[in-house]
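K.L.:
Structure supplied as work_6.pdb; contents: PDB, C-alpha atoms.
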MODEL        1
ATOM      1  CA  MET F 155       0.000   0.000   0.000
ATOM      2  CA  SER F 156       2.735   2.433   1.013
ATOM      3  CA  SER F 157       4.749   1.499  -2.099
ATOM      4  CA  LEU F 158       1.883   2.837  -4.220
ATOM      5  CA  GLY F 159       2.656   6.346  -3.026
ATOM      6  CA  PRO F 160       0.309   9.109  -1.918
ATOM      7  CA  HIS F 161      -2.386   8.214  -4.478
ATOM      8  CA  ALA F 162      -2.712   4.538  -3.475
ATOM      9  CA  GLY F 163      -6.421   4.962  -2.714
ATOM     10  CA  PHE F 164      -7.187   6.117  -6.268
ATOM     11  CA  ILE F 165      -5.154   3.295  -7.832
ATOM     12  CA  LEU F 166      -6.806   0.619  -5.688
ATOM     13  CA  ALA F 167     -10.266   2.121  -6.251
ATOM     14  CA  ALA F 168      -9.718   2.005 -10.039
ATOM     15  CA  TYR F 169      -8.656  -1.665  -9.915
ATOM     16  CA  GLY F 170     -11.525  -2.431  -7.518
ATOM     17  CA  ALA F 171     -13.991  -0.923 -10.003
ATOM     18  CA  VAL F 172     -12.515  -3.052 -12.801
ATOM     19  CA  ALA F 173     -12.864  -6.196 -10.641
ATOM     20  CA  VAL F 174     -16.485  -5.417  -9.718
ATOM     21  CA  ILE F 175     -17.629  -4.490 -13.248
ATOM     22  CA  LEU F 176     -15.797  -7.335 -15.015
ATOM     23  CA  GLY F 177     -16.802  -9.827 -12.304
ATOM     24  CA  GLY F 178     -20.437  -8.763 -12.645
ATOM     25  CA  LEU F 179     -20.293  -8.992 -16.444
ATOM     26  CA  ILE F 180     -18.706 -12.463 -16.393
ATOM     27  CA  ALA F 181     -21.206 -13.723 -13.778
ATOM     28  CA  ALA F 182     -24.208 -12.274 -15.671
ATOM     29  CA  ILE F 183     -23.133 -13.838 -18.996
ATOM     30  CA  LEU F 184     -22.345 -17.252 -17.482
ATOM     31  CA  LEU F 185     -25.602 -17.343 -15.474
ATOM     32  CA  ASP F 186     -27.627 -16.377 -18.547
ATOM     33  CA  HIS F 187     -25.874 -19.100 -20.582
ATOM     34  CA  ARG F 188     -26.666 -21.666 -17.884
ATOM     35  CA  ALA F 189     -30.320 -20.576 -17.670
ATOM     36  CA  GLN F 190     -30.821 -20.813 -21.446
ATOM     37  CA  LYS F 191     -29.108 -24.199 -21.616
ATOM     38  CA  ARG F 192     -31.336 -25.545 -18.826
ATOM     39  CA  ALA F 193     -34.482 -24.190 -20.520
ATOM     40  CA  LEU F 194     -33.497 -25.745 -23.865
ATOM     41  CA  ASP F 195     -32.568 -29.077 -22.255
ATOM     42  CA  ALA F 196     -35.912 -29.137 -20.406
ATOM     43  CA  LEU F 197     -37.817 -28.558 -23.668
ATOM     44  CA  GLU F 198     -35.827 -31.194 -25.523
ATOM     45  CA  GLN F 199     -36.321 -33.721 -22.723
ATOM     46  CA  ARG F 200     -40.059 -33.309 -23.227
ATOM     47  CA  GLY F 201     -39.488 -34.135 -26.909
ATOM     48  CA  ILE F 202     -40.265 -30.610 -28.064
ATOM     49  CA  GLY F 203     -36.809 -29.844 -29.441
ATOM     50  CA  ARG F 204     -36.826 -32.571 -32.082
ATOM     51  CA  ARG F 205     -37.861 -31.218 -35.448
ATOM     52  CA  SER F 206     -39.666 -33.700 -37.705
ATOM     53  CA  GLY F 207     -37.407 -34.867 -40.537
ATOM     54  CA  SER F 208     -34.322 -33.410 -38.896
ATOM     55  CA  THR F 209     -31.373 -35.707 -38.484
ATOM     56  CA  SER F 210     -29.214 -33.400 -36.351
TER
ATOM     57  CA  MET T 198     -16.541 -15.098 -47.717
ATOM     58  CA  ALA T 199     -17.841 -18.632 -48.255
ATOM     59  CA  SER T 200     -16.433 -19.716 -44.882
ATOM     60  CA  LEU T 201     -17.998 -16.646 -43.241
ATOM     61  CA  THR T 202     -21.393 -17.594 -44.654
ATOM     62  CA  GLU T 203     -20.836 -21.139 -43.436
ATOM     63  CA  LEU T 204     -20.036 -19.859 -39.945
ATOM     64  CA  ALA T 205     -23.180 -17.717 -40.032
ATOM     65  CA  ASN T 206     -25.179 -20.926 -39.702
ATOM     66  CA  PRO T 207     -26.141 -21.061 -35.982
ATOM     67  CA  THR T 208     -25.623 -24.839 -35.691
ATOM     68  CA  ARG T 209     -22.096 -24.594 -37.114
ATOM     69  CA  PHE T 210     -21.398 -21.554 -34.947
ATOM     70  CA  MET T 211     -22.378 -23.532 -31.822
ATOM     71  CA  ARG T 212     -19.980 -26.313 -32.845
ATOM     72  CA  TYR T 213     -17.001 -24.088 -33.726
ATOM     73  CA  SER T 214     -17.457 -21.715 -30.787
ATOM     74  CA  ALA T 215     -17.433 -24.654 -28.329
ATOM     75  CA  VAL T 216     -13.980 -25.582 -29.676
ATOM     76  CA  LEU T 217     -12.645 -21.995 -29.691
ATOM     77  CA  LEU T 218     -13.924 -20.938 -26.263
ATOM     78  CA  PRO T 219     -11.444 -22.757 -23.978
ATOM     79  CA  TRP T 220      -8.511 -21.529 -26.113
ATOM     80  CA  PHE T 221      -9.681 -17.908 -25.976
ATOM     81  CA  ALA T 222     -10.351 -18.068 -22.231
ATOM     82  CA  GLY T 223      -7.073 -19.874 -21.477
ATOM     83  CA  ALA T 224      -4.962 -17.482 -23.583
ATOM     84  CA  ALA T 225      -6.750 -14.512 -21.974
ATOM     85  CA  LEU T 226      -5.932 -15.763 -18.459
ATOM     86  CA  VAL T 227      -2.251 -16.369 -19.296
ATOM     87  CA  LEU T 228      -1.826 -12.960 -20.984
ATOM     88  CA  LEU T 229      -3.692 -11.089 -18.238
ATOM     89  CA  ALA T 230      -1.583 -12.765 -15.531
ATOM     90  CA  LEU T 231       1.648 -11.954 -17.402
ATOM     91  CA  GLY T 232       0.499  -8.438 -18.268
ATOM     92  CA  PHE T 233      -0.496  -7.567 -14.685
ATOM     93  CA  TYR T 234       2.764  -9.005 -13.365
ATOM     94  CA  LEU T 235       4.763  -6.773 -15.737
ATOM     95  CA  ALA T 236       2.490  -3.781 -15.102
ATOM     96  CA  TRP T 237       2.733  -3.996 -11.316
ATOM     97  CA  PHE T 238       6.174  -5.444 -10.589
ATOM     98  CA  VAL T 239       8.384  -4.643 -13.596
ATOM     99  CA  ALA T 240       7.166  -1.393 -15.189
ATOM    100  CA  PRO T 241       8.595   1.654 -13.411
ATOM    101  CA  ALA T 242       6.544   4.511 -11.972
ATOM    102  CA  ASP T 243       6.116   7.422 -14.398
ATOM    103  CA  TYR T 244       8.508  10.369 -13.923
ATOM    104  CA  GLN T 245       5.567  12.792 -13.859
ATOM    105  CA  GLN T 246       2.507  10.759 -12.858
ATOM    106  CA  GLY T 247       4.205   8.465 -10.353
ATOM    107  CA  GLU T 248       2.385   5.266  -9.385
ATOM    108  CA  THR T 249      -0.951   6.460 -10.851
ATOM    109  CA  ILE T 250       0.404   5.265 -14.224
ATOM    110  CA  ARG T 251      -0.734   1.782 -13.054
ATOM    111  CA  ILE T 252      -4.291   2.936 -13.813
ATOM    112  CA  MET T 253      -3.320   3.346 -17.486
ATOM    113  CA  PHE T 254      -2.922  -0.452 -17.805
ATOM    114  CA  VAL T 255      -6.665  -0.986 -17.323
ATOM    115  CA  HIS T 256      -7.974   2.388 -18.538
ATOM    116  CA  VAL T 257      -6.459   2.291 -22.036
ATOM    117  CA  PRO T 258      -7.390  -1.322 -22.981
ATOM    118  CA  ALA T 259     -10.939  -0.618 -21.704
ATOM    119  CA  ALA T 260     -11.151   2.458 -23.952
ATOM    120  CA  TRP T 261      -9.900   0.504 -26.973
ATOM    121  CA  LEU T 262     -12.371  -2.324 -26.312
ATOM    122  CA  ALA T 263     -15.302   0.064 -25.853
ATOM    123  CA  LEU T 264     -14.559   1.432 -29.346
ATOM    124  CA  MET T 265     -13.746  -1.967 -30.853
ATOM    125  CA  PHE T 266     -16.995  -3.529 -29.659
ATOM    126  CA  TYR T 267     -19.015  -0.604 -30.988
ATOM    127  CA  THR T 268     -17.254  -0.947 -34.358
ATOM    128  CA  MET T 269     -18.000  -4.693 -34.351
ATOM    129  CA  MET T 270     -21.646  -3.865 -33.602
ATOM    130  CA  ALA T 271     -21.757  -1.408 -36.520
ATOM    131  CA  VAL T 272     -20.390  -4.114 -38.867
ATOM    132  CA  SER T 273     -23.002  -6.542 -37.480
ATOM    133  CA  ALA T 274     -25.671  -3.889 -38.037
ATOM    134  CA  LEU T 275     -24.696  -3.823 -41.729
ATOM    135  CA  GLY T 276     -24.888  -7.629 -41.682
ATOM    136  CA  THR T 277     -28.429  -7.397 -40.287
ATOM    137  CA  LEU T 278     -29.694  -4.682 -42.645
ATOM    138  CA  VAL T 279     -27.849  -5.500 -45.885
ATOM    139  CA  TRP T 280     -27.003  -9.209 -45.893
ATOM    140  CA  ARG T 281     -29.517 -10.425 -43.280
ATOM    141  CA  HIS T 282     -27.013 -12.856 -41.827
ATOM    142  CA  PRO T 283     -28.754 -15.082 -39.270
ATOM    143  CA  LEU T 284     -26.029 -14.442 -36.719
ATOM    144  CA  ALA T 285     -25.510 -10.703 -37.310
ATOM    145  CA  ASP T 286     -28.090  -9.424 -34.838
ATOM    146  CA  VAL T 287     -27.217 -12.207 -32.382
ATOM    147  CA  ALA T 288     -23.605 -10.921 -32.464
ATOM    148  CA  GLN T 289     -24.802  -7.334 -32.118
ATOM    149  CA  LYS T 290     -27.074  -8.054 -29.150
ATOM    150  CA  ALA T 291     -24.426 -10.103 -27.330
ATOM    151  CA  ALA T 292     -21.778  -7.375 -27.825
ATOM    152  CA  ALA T 293     -23.743  -4.456 -26.332
ATOM    153  CA  PRO T 294     -23.409  -5.274 -22.584
ATOM    154  CA  ILE T 295     -19.708  -6.098 -23.038
ATOM    155  CA  GLY T 296     -19.024  -2.780 -24.803
ATOM    156  CA  ALA T 297     -21.068  -0.952 -22.164
ATOM    157  CA  ALA T 298     -19.054  -2.593 -19.352
ATOM    158  CA  PHE T 299     -15.717  -1.574 -20.906
ATOM    159  CA  SER T 300     -16.866   1.994 -21.546
ATOM    160  CA  LEU T 301     -17.984   2.188 -17.888
ATOM    161  CA  ILE T 302     -14.573   0.849 -16.784
ATOM    162  CA  CYS T 303     -12.929   3.479 -18.992
ATOM    163  CA  LEU T 304     -15.019   6.275 -17.437
ATOM    164  CA  ILE T 305     -14.548   5.182 -13.804
ATOM    165  CA  THR T 306     -10.812   4.427 -14.017
ATOM    166  CA  GLY T 307     -10.372   7.715 -15.901
ATOM    167  CA  ALA T 308     -12.100   9.564 -13.054
ATOM    168  CA  PHE T 309      -9.841   7.894 -10.443
ATOM    169  CA  TRP T 310      -6.818   8.825 -12.558
ATOM    170  CA  GLY T 311      -8.063  12.353 -13.230
ATOM    171  CA  LYS T 312      -8.580  13.365  -9.600
ATOM    172  CA  PRO T 313      -4.928  13.047  -8.459
ATOM    173  CA  MET T 314      -3.437  14.203 -11.814
ATOM    174  CA  TRP T 315      -5.874  16.917 -13.012
ATOM    175  CA  GLY T 316      -7.420  17.814  -9.675
ATOM    176  CA  THR T 317     -10.906  16.737 -10.765
ATOM    177  CA  TYR T 318     -12.849  13.515 -11.283
ATOM    178  CA  TRP T 319     -14.694  14.909 -14.269
ATOM    179  CA  VAL T 320     -14.531  17.725 -16.766
ATOM    180  CA  TRP T 321     -16.831  18.307 -19.740
ATOM    181  CA  ASP T 322     -14.066  18.188 -22.338
ATOM    182  CA  ALA T 323     -14.590  16.620 -25.761
ATOM    183  CA  ARG T 324     -12.896  13.258 -25.053
ATOM    184  CA  LEU T 325     -14.623  12.578 -21.730
ATOM    185  CA  THR T 326     -18.005  13.773 -22.950
ATOM    186  CA  SER T 327     -17.871  11.731 -26.183
ATOM    187  CA  VAL T 328     -16.997   8.558 -24.198
ATOM    188  CA  LEU T 329     -19.914   9.279 -21.835
ATOM    189  CA  VAL T 330     -22.137   9.615 -24.944
ATOM    190  CA  LEU T 331     -20.802   6.219 -26.142
ATOM    191  CA  PHE T 332     -21.777   4.652 -22.801
ATOM    192  CA  LEU T 333     -25.261   6.213 -23.036
ATOM    193  CA  ILE T 334     -25.664   4.927 -26.626
ATOM    194  CA  TYR T 335     -24.751   1.437 -25.389
ATOM    195  CA  LEU T 336     -27.443   1.740 -22.682
ATOM    196  CA  GLY T 337     -29.951   2.966 -25.291
ATOM    197  CA  ILE T 338     -29.195  -0.026 -27.507
ATOM    198  CA  ILE T 339     -29.585  -2.476 -24.584
ATOM    199  CA  ALA T 340     -32.892  -0.793 -23.664
ATOM    200  CA  LEU T 341     -34.164  -0.977 -27.264
ATOM    201  CA  TRP T 342     -33.411  -4.717 -27.388
ATOM    202  CA  ARG T 343     -35.595  -5.142 -24.297
ATOM    203  CA  THR T 344     -38.416  -2.994 -25.670
ATOM    204  CA  LEU T 345     -39.214  -5.104 -28.749
ATOM    205  CA  ASP T 346     -40.169  -8.752 -28.190
ATOM    206  CA  GLU T 347     -39.720 -10.118 -31.688
ATOM    207  CA  PRO T 348     -35.926 -10.599 -32.218
ATOM    208  CA  SER T 349     -35.736  -9.868 -35.965
ATOM    209  CA  ARG T 350     -37.803  -6.639 -35.667
ATOM    210  CA  ALA T 351     -35.733  -5.558 -32.668
ATOM    211  CA  GLY T 352     -32.564  -6.439 -34.607
ATOM    212  CA  ARG T 353     -33.433  -4.098 -37.489
ATOM    213  CA  ALA T 354     -34.405  -1.209 -35.167
ATOM    214  CA  VAL T 355     -31.219  -1.629 -33.121
ATOM    215  CA  ALA T 356     -29.122  -1.885 -36.304
ATOM    216  CA  ILE T 357     -30.343   1.540 -37.458
ATOM    217  CA  LEU T 358     -29.665   3.087 -34.028
ATOM    218  CA  THR T 359     -26.205   1.446 -33.952
ATOM    219  CA  LEU T 360     -25.250   2.841 -37.364
ATOM    220  CA  VAL T 361     -26.461   6.344 -36.445
ATOM    221  CA  GLY T 362     -24.474   6.162 -33.191
ATOM    222  CA  PHE T 363     -21.316   5.088 -35.059
ATOM    223  CA  VAL T 364     -20.703   8.757 -35.927
ATOM    224  CA  ASN T 365     -19.489   9.076 -32.318
ATOM    225  CA  VAL T 366     -16.577   6.625 -32.794
ATOM    226  CA  PRO T 367     -14.338   8.866 -34.980
ATOM    227  CA  ILE T 368     -15.366  11.813 -32.787
ATOM    228  CA  ILE T 369     -13.961   9.977 -29.730
ATOM    229  CA  LYS T 370     -10.751   9.013 -31.549
ATOM    230  CA  PHE T 371     -10.016  12.483 -32.963
ATOM    231  CA  SER T 372     -11.566  14.612 -30.192
ATOM    232  CA  VAL T 373      -8.128  15.175 -28.659
ATOM    233  CA  ASP T 374      -6.846  16.546 -31.994
ATOM    234  CA  TRP T 375      -9.913  18.548 -33.064
ATOM    235  CA  TRP T 376     -10.532  20.299 -29.748
ATOM    236  CA  ASN T 377      -8.445  21.659 -26.917
ATOM    237  CA  THR T 378      -8.953  18.975 -24.267
ATOM    238  CA  LEU T 379      -7.675  18.313 -20.769
ATOM    239  CA  HIS T 380      -7.258  14.670 -21.858
ATOM    240  CA  GLN T 381      -3.858  13.976 -23.407
ATOM    241  CA  PRO T 382      -3.540  13.199 -27.152
ATOM    242  CA  ALA T 383      -2.897   9.670 -28.483
ATOM    243  CA  SER T 384       0.410   8.172 -27.356
ATOM    244  CA  VAL T 385       0.266   4.650 -28.826
ATOM    245  CA  PHE T 386      -1.647   4.678 -32.144
ATOM    246  CA  ARG T 387      -0.260   7.886 -33.641
ATOM    247  CA  MET T 388       1.726   9.045 -36.660
ATOM    248  CA  GLY T 389       5.422   8.699 -35.860
ATOM    249  CA  GLY T 390       4.985   5.725 -33.488
ATOM    250  CA  PRO T 391       4.266   5.354 -29.764
ATOM    251  CA  THR T 392       5.683   7.882 -27.304
ATOM    252  CA  ILE T 393       5.452   5.506 -24.322
ATOM    253  CA  ASP T 394       8.632   3.827 -23.085
ATOM    254  CA  ALA T 395       8.937   0.128 -23.977
ATOM    255  CA  SER T 396       8.882  -0.861 -20.277
ATOM    256  CA  MET T 397       5.304   0.449 -20.104
ATOM    257  CA  LEU T 398       4.223  -0.199 -23.704
ATOM    258  CA  GLN T 399       4.972  -3.932 -23.493
ATOM    259  CA  PRO T 400       2.673  -4.712 -20.508
ATOM    260  CA  LEU T 401       0.059  -2.353 -21.958
ATOM    261  CA  LEU T 402      -0.063  -4.248 -25.256
ATOM    262  CA  ILE T 403      -0.021  -7.667 -23.515
ATOM    263  CA  LEU T 404      -2.929  -6.576 -21.300
ATOM    264  CA  ALA T 405      -4.764  -5.135 -24.316
ATOM    265  CA  VAL T 406      -4.546  -8.493 -26.126
ATOM    266  CA  GLY T 407      -5.488 -10.336 -22.898
ATOM    267  CA  PHE T 408      -8.556  -8.159 -22.291
ATOM    268  CA  THR T 409      -9.517  -8.481 -25.977
ATOM    269  CA  LEU T 410      -9.387 -12.293 -25.809
ATOM    270  CA  LEU T 411     -11.396 -12.240 -22.559
ATOM    271  CA  ALA T 412     -13.994  -9.953 -24.167
ATOM    272  CA  LEU T 413     -14.173 -12.165 -27.278
ATOM    273  CA  ALA T 414     -14.595 -15.285 -25.096
ATOM    274  CA  LEU T 415     -17.433 -13.553 -23.225
ATOM    275  CA  HIS T 416     -18.922 -12.516 -26.576
ATOM    276  CA  LEU T 417     -18.903 -16.137 -27.771
ATOM    277  CA  VAL T 418     -20.629 -17.305 -24.549
ATOM    278  CA  ALA T 419     -23.211 -14.503 -24.812
ATOM    279  CA  MET T 420     -23.869 -15.351 -28.480
ATOM    280  CA  ARG T 421     -24.350 -19.015 -27.607
ATOM    281  CA  ALA T 422     -26.812 -18.011 -24.853
ATOM    282  CA  GLU T 423     -28.704 -15.759 -27.288
ATOM    283  CA  ILE T 424     -28.962 -18.529 -29.911
ATOM    284  CA  MET T 425     -30.354 -20.881 -27.247
ATOM    285  CA  ARG T 426     -32.783 -18.159 -26.025
ATOM    286  CA  ARG T 427     -34.171 -17.797 -29.566
ATOM    287  CA  ARG T 428     -34.478 -21.555 -29.954
ATOM    288  CA  VAL T 429     -36.313 -21.772 -26.609
ATOM    289  CA  ARG T 430     -38.634 -18.966 -27.745
ATOM    290  CA  THR T 431     -39.363 -20.645 -31.108
ATOM    291  CA  LEU T 432     -39.939 -24.068 -29.538
ATOM    292  CA  THR T 433     -42.214 -22.606 -26.843
ATOM    293  CA  ILE T 434     -44.323 -20.867 -29.513
ATOM    294  CA  PHE T 435     -44.501 -24.094 -31.607
ATOM    295  CA  GLU T 436     -45.525 -26.061 -28.541
ATOM    296  CA  ALA T 437     -48.199 -23.511 -27.574
ATOM    297  CA  GLU T 438     -49.593 -23.619 -31.140
ATOM    298  CA  ARG T 439     -49.607 -27.433 -31.101
ATOM    299  CA  LEU T 440     -51.469 -27.483 -27.770
ATOM    300  CA  ASP T 441     -53.944 -24.912 -29.158
ATOM    301  CA  ARG T 442     -54.626 -27.137 -32.168
ATOM    302  CA  LEU T 443     -55.078 -30.199 -29.946
ATOM    303  CA  ALA T 444     -57.463 -28.275 -27.703
ATOM    304  CA  ALA T 445     -59.447 -27.108 -30.741
ATOM    305  CA  GLN T 446     -59.637 -30.693 -32.100
ATOM    306  CA  GLY T 447     -60.737 -31.950 -28.671
ATOM    307  CA  ALA T 448     -63.469 -29.313 -28.495
ATOM    308  CA  ALA T 449     -64.682 -30.198 -32.032
ATOM    309  CA  ALA T 450     -64.850 -33.934 -31.180
TER
ENDMDL
END
Take the structure from the file and write it as structure tokens.
P.N.:
Amino acid sequence: MSSLGPHAGFILAAYGAVAVILGGLIAAILLDHRAQKRALDALEQRGIGRRSGSTS
Amino acid sequence: MASLTELANPTRFMRYSAVLLPWFAGAALVLLALGFYLAWFVAPADYQQGETIRIMFVHVPAAWLALMFYTMMAVSALGTLVWRHPLADVAQKAAAPIGAAFSLICLITGAFWGKPMWGTYWVWDARLTSVLVLFLIYLGIIALWRTLDEPSRAGRAVAILTLVGFVNVPIIKFSVDWWNTLHQPASVFRMGGPTIDASMLQPLLILAVGFTLLALALHLVAMRAEIMRRRVRTLTIFEAERLDRLAAQGAAA
């Protein structure tokens, strides 16, 4: 902390903001991906996802 | 171009992106770890700005990414309006929150850098104001996506807004040359080469590539989620229509 000089608070606050914003973005994207995957899997388990005539 | 069209098929995109994702994420982690090590423990303090130069290592890549993601969205908007690529508006929608996050990081880290160096968190100069406008455009685009339910209609409306807002990108880049600003002029991408010392330029560029790979990995995940969301929506509508038909047949019998 002392090695960061007299403006340590500003430097740490900037990096803290980066951690919070990026952490929030990563969590939001991963949670959304998981929610959509679960919803799609649930539909397909009920046989709704299979298109007639589709081989894939 | 043929391979691009091939990739624009959502099924193929899901397959290729699943392969690419771990490589992007892994490379991002390695480069960010190396970049932060160099930025914090090897790069010297600046002769004028002292230790606050450490803020540059997150502020500058965030600014570049905020502009890069908006440019990517403008290209996707052309893809939506002109070529009607199936993935263009998926790419555009997935990019908006990522671009917004990096422009917010740019604004906040800039404020924490500005206070000790300029004596103020904020000043209404051309560079700062145009980046704030970029952040507000990102928020407007995210809001417009949420306003219209039908994805292809929303995609076209957002594409028009995105292209109109693109006028702000060259304004941000050249604001420091066109107007007298408190913000310093370009010191990396400029005629005559960078003016930053190699000991600071090297970690800056490594972190820029690391953050870019992280942002691209997040973009791939967000695009995959959006493709699944649209499939869930389509299947739910098909299922509701099928149940409606069954109910109507039951009532007739």
K.L.:
Return as a list in words the residues belonging to chain F that are within 6 Å of chain T, counting only C-alpha atoms.
P.N.:
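Filtering chain F at 6 Å from chain T with only C-alpha atoms gives Leu158, Phe164, Ala168, Val172, Ile183, His187, Gln190 and Leu194 of chain F.
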K.L.:
Would you write out those residues with C-alpha atoms, as a short mmCIF file (atom, residue, chain, number, x, y, z; two decimals), keeping the file's coordinate frame?
P.N.:
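Saved the output as again_34.cif:
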data_model
loop_
_atom_site.label_atom_id
_atom_site.label_comp_id
_atom_site.auth_asym_id
_atom_site.auth_seq_id
_atom_site.Cartn_x
_atom_site.Cartn_y
_atom_site.Cartn_z
CA LEU F 158 1.88 2.84 -4.22
CA PHE F 164 -7.19 6.12 -6.27
CA ALA F 168 -9.72 2.00 -10.04
CA VAL F 172 -12.52 -3.05 -12.80
CA ILE F 183 -23.13 -13.84 -19.00
CA HIS F 187 -25.87 -19.10 -20.58
CA GLN F 190 -30.82 -20.81 -21.45
CA LEU F 194 -33.50 -25.74 -23.86
#
K.L.:
Determine, counting all atoms listed in the file, which protein, DNA and RNA residues have an atom within 12 Å of an atom of Leu217 of chain T; residues of the same chain fewer than 6 positions away are not included. Present the result as a list of chain:residue names.
P.N.:
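That gives T:Phe210, T:Met211, T:Gly223, T:Ala224, T:Leu410, T:Leu413, T:Ala414, T:Leu415, T:His416, T:Leu417, T:Val418.
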K.L.:
Rank T:Leu325, T:Ile357, T:Ala449, T:Ile339 by their smallest atom-to-atom distance to Gly276 of chain T, using only C-alpha atoms, and report the top residue only.
P.N.:
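Residue with the minimum atom-to-atom distance to Gly276 of chain T: T:Ile357.
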K.L.:
Counting only C-alpha atoms, which of T:Gly389, T:Gly337, T:Pro367, T:Gly352 gets nearest to Ala288 of chain T?
P.N.:
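For Ala288 of chain T, the nearest of the given residues is T:Gly352.
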K.L.:
Figure out the distance between atom CA of Arg209 of chain T and atom CA of Asp195 of chain F, please, to one decimal in Å.
P.N.:
18.7 Å
K.L.:
Using all atoms listed in the file, can you tell me which of T:Ala225, T:Ala271, T:Leu304, T:Val364 comes closest to Arg324 of chain T?
P.N.:
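Nearest candidate to Arg324 of chain T out of T:Ala225, T:Ala271, T:Leu304, T:Val364: T:Leu304.
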K.L.:
By how many Å are atom CA of Val373 of chain T and atom CA of Gly390 of chain T apart?
P.N.:
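These two atoms are separated by 16.9 Å.
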K.L.:
Which residue gives the smallest distance to Phe408 of chain T among T:Leu341, T:Ala230, T:Leu379, T:Leu331, with all atoms listed in the file counted?
P.N.:
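Residue with the minimum atom-to-atom distance to Phe408 of chain T: T:Ala230.
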K.L.:
Could you check how far atom CA of Ala274 of chain T sits from atom CA of Ala215 of chain T, in Å to one decimal?
P.N.:
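One can read the atom CA of Ala274 of chain T to atom CA of Ala215 of chain T distance as 24.4 Å.
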K.L.:
Name all residues at most 9 Å from Val355 of chain T (count only C-alpha atoms; drop same-chain ones fewer than 4 positions away) and give them as a ChimeraX atom specification.
P.N.:
/T:274,286,289-290,338-339,341-342,350-351,359-360
K.L.:
Applying 9 Å and all atoms listed in the file, which residues near Val239 of chain T remain after dropping the ones on its own chain fewer than 4 positions away? List them as a VMD selection string.
P.N.:
chain T and resid 234 to 235 396 to 397 400
K.L.:
Rank nothing, just name the residue among T:Leu401, T:Ala340, T:Leu443, T:Val257 nearest to Leu358 of chain T, using all atoms listed in the file.
P.N.:
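Smallest separation from Leu358 of chain T among the options: T:Ala340.
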K.L.:
Return segment 409-420 of chain T, completed with N, CA and C atoms, as a short mmCIF file (atom, residue, chain, number, x, y, z; two decimals), keeping the file's coordinate frame.
P.N.:
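out02.cif, freshly written:
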data_model
loop_
_atom_site.label_atom_id
_atom_site.label_comp_id
_atom_site.auth_asym_id
_atom_site.auth_seq_id
_atom_site.Cartn_x
_atom_site.Cartn_y
_atom_site.Cartn_z
N THR T 409 -8.77 -8.25 -24.73
CA THR T 409 -9.52 -8.48 -25.98
C THR T 409 -9.95 -9.94 -26.07
N LEU T 410 -9.04 -10.87 -25.75
CA LEU T 410 -9.39 -12.29 -25.81
C LEU T 410 -10.47 -12.63 -24.78
N LEU T 411 -10.37 -12.02 -23.58
CA LEU T 411 -11.40 -12.24 -22.56
C LEU T 411 -12.75 -11.74 -23.07
N ALA T 412 -12.75 -10.53 -23.67
CA ALA T 412 -13.99 -9.95 -24.17
C ALA T 412 -14.56 -10.80 -25.30
N LEU T 413 -13.69 -11.33 -26.17
CA LEU T 413 -14.17 -12.16 -27.28
C LEU T 413 -14.73 -13.49 -26.75
N ALA T 414 -14.08 -14.05 -25.71
CA ALA T 414 -14.60 -15.28 -25.10
C ALA T 414 -15.98 -15.02 -24.50
N LEU T 415 -16.13 -13.89 -23.81
CA LEU T 415 -17.43 -13.55 -23.22
C LEU T 415 -18.46 -13.34 -24.34
N HIS T 416 -18.02 -12.75 -25.45
CA HIS T 416 -18.92 -12.52 -26.58
C HIS T 416 -19.42 -13.85 -27.15
N LEU T 417 -18.50 -14.82 -27.26
CA LEU T 417 -18.90 -16.14 -27.77
C LEU T 417 -19.93 -16.78 -26.84
N VAL T 418 -19.69 -16.70 -25.51
CA VAL T 418 -20.63 -17.30 -24.55
C VAL T 418 -21.99 -16.60 -24.66
N ALA T 419 -21.95 -15.26 -24.74
CA ALA T 419 -23.21 -14.50 -24.81
C ALA T 419 -23.96 -14.81 -26.10
N MET T 420 -23.21 -15.00 -27.21
CA MET T 420 -23.87 -15.35 -28.48
C MET T 420 -24.51 -16.73 -28.40
#
